[in-house]
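> Below is a structure I'd like to ask you about.
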Amino acid sequence: MNATAHVLVALVAALHVYILVLEMFLWQRGPGRRLSGFDAEMARATAPLAANQGLYNGFLAAGLIWGLIAADPTGYRVQVFFLSCVLVAGLYGGATANRRILVAQALPGALALAAVLVAG
């Protein structure tokens, strides 16, 4: 179960790196505009906000990577903390911004958190 947990944590970290790239660097281009549904003018106007969100997603990814490479008990605790942050962010985003965030962020975070806790 430990290997499964590590794979899930790595996938959630990779997802957040991908979100960072979309929000920080591709927001005004095709991939970012398809994600947001914004026209060019709105994408340009909201780019600083998206970049800020992308930076936070990068911090989540960095924390998860730290949790994967740190020795236990620190690694375990860091994974639980950052996966909890991912879950809370996903729930909040799903409730306030777009329900898709529940599936795209909260669900993977919850599955990885459950696997880490079971492997504990």
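In the structure tokens, chains take letters A, B, ... by order of appearance, with residues numbered from 1 within each chain and ligands from 1 in the order shown.
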Excluding same-chain residues fewer than 2 positions from region 70-79 of chain A, what lies within 8 Å of it counting only C-alpha atoms, as a list in words?

Val9, Gly63, Leu64, Trp66, Gly67, Leu68, Phe81, Phe82, Leu83, Leu113, Val116 and Gly120 of chain A

> Can you check which parts of region 1-32 of chain A lie within 9 Å of region 94-110 of chain A? Per residue, the shortest pair of atoms and distance in Å to one decimal, counting only C-alpha atoms, sorted by chain and number, as JSON lines.


```
{"residue": "A:Leu8", "atom": "CA", "partner": "A:Pro108", "partner_atom": "CA", "distance": 7.8}
{"residue": "A:Val9", "atom": "CA", "partner": "A:Gly109", "partner_atom": "CA", "distance": 8.0}
{"residue": "A:Leu11", "atom": "CA", "partner": "A:Pro108", "partner_atom": "CA", "distance": 8.4}
{"residue": "A:Val12", "atom": "CA", "partner": "A:Pro108", "partner_atom": "CA", "distance": 6.5}
{"residue": "A:Leu15", "atom": "CA", "partner": "A:Gln105", "partner_atom": "CA", "distance": 8.3}
{"residue": "A:His16", "atom": "CA", "partner": "A:Gln105", "partner_atom": "CA", "distance": 8.6}
```

> Go ahead and save the picked residues with C-alpha atoms, as a PDB file, in the first residue's frame.


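Result saved to out.pdb:
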```pdb
ATOM      1  CA  LEU A   8      -0.886   8.830  -5.838  1.00  0.00           C
ATOM      2  CA  VAL A   9       1.007  11.591  -4.016  1.00  0.00           C
ATOM      3  CA  LEU A  11       0.373  12.168  -9.373  1.00  0.00           C
ATOM      4  CA  VAL A  12      -1.255  14.887  -7.255  1.00  0.00           C
ATOM      5  CA  LEU A  15      -1.251  17.707 -11.363  1.00  0.00           C
ATOM      6  CA  HIS A  16      -0.386  20.808  -9.359  1.00  0.00           C
TER       7      HIS A  16
END
```

> Using only C-alpha atoms, can you tell me which of A:Leu111, A:Met1, A:Val7, A:Ala89 comes closest to Gln53 (chain A)?

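Nearest to Gln53 (chain A): A:Ala89.
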
> Do a neighbour search on Ala61 (chain A) at 7 Å with only C-alpha atoms, toss out local chain neighbours closer than 5 positions, and write the hits as a ChimeraX atom specification.

/A:13-14,16-17

> Using the selection just defined, write its residues with C-alpha atoms as a PDB file, in the first residue's frame.


```
ATOM      1  CA  ALA A  13       2.069  16.775  -7.206  1.00  0.00           C
ATOM      2  CA  ALA A  14       2.331  16.453 -11.004  1.00  0.00           C
ATOM      3  CA  HIS A  16      -0.386  20.808  -9.359  1.00  0.00           C
ATOM      4  CA  VAL A  17       2.746  21.450 -11.434  1.00  0.00           C
TER       5      VAL A  17
END
```

> Would you work out the distance separating CA of Asn2 (chain A) from CA of Ala115 (chain A), expressed in Å to one decimal?

7.8 Å

> Considering only C-alpha atoms, return as JSON, numbers by chain whatever protein or nucleic-acid residues lie within 12 Å of Arg44 (chain A), sequence-local ones (same chain, fewer than 3 positions apart) excluded.

{"A": [23, 24, 25, 26, 27, 28, 29, 32, 33, 36, 38, 39, 40, 41, 47, 48, 49, 50, 51]}

> Take the residues from that selection and write them out as a CSV table (one decimal), in the first residue's frame, keeping C-alpha atoms.


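Result file is again38.csv:
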```csv
chain,number,residue,atom,x,y,z
A,23,GLU,CA,-2.2,29.5,-14.7
A,24,MET,CA,1.2,31.2,-14.7
A,25,PHE,CA,2.4,30.7,-18.3
A,26,LEU,CA,-0.5,29.6,-20.5
A,27,TRP,CA,-3.4,31.6,-19.1
A,28,GLN,CA,-3.6,33.9,-22.2
A,29,ARG,CA,-2.9,31.1,-24.7
A,32,GLY,CA,-5.4,28.5,-20.3
A,33,ARG,CA,-8.3,30.1,-22.2
A,36,SER,CA,-11.1,29.3,-18.0
A,38,PHE,CA,-12.3,33.5,-21.1
A,39,ASP,CA,-11.9,35.5,-24.3
A,40,ALA,CA,-8.6,37.2,-24.9
A,41,GLU,CA,-9.5,40.4,-23.2
A,47,ALA,CA,-3.7,36.9,-15.9
A,48,PRO,CA,-2.2,38.4,-12.7
A,49,LEU,CA,-4.8,36.7,-10.6
A,50,ALA,CA,-4.3,33.4,-12.4
A,51,ALA,CA,-0.5,33.6,-12.0
```

> Between CA of Tyr92 (chain A) and CA of His6 (chain A), what is the distance, to one decimal in Å?

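Rounded to one decimal, the two atoms are 25.0 Å apart.
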
> Quick one: distance from CA of Tyr56 (chain A) to CA of Val21 (chain A) in Å, one decimal?

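Spanning CA of Tyr56 (chain A) to CA of Val21 (chain A) is a straight-line distance of 11.5 Å.
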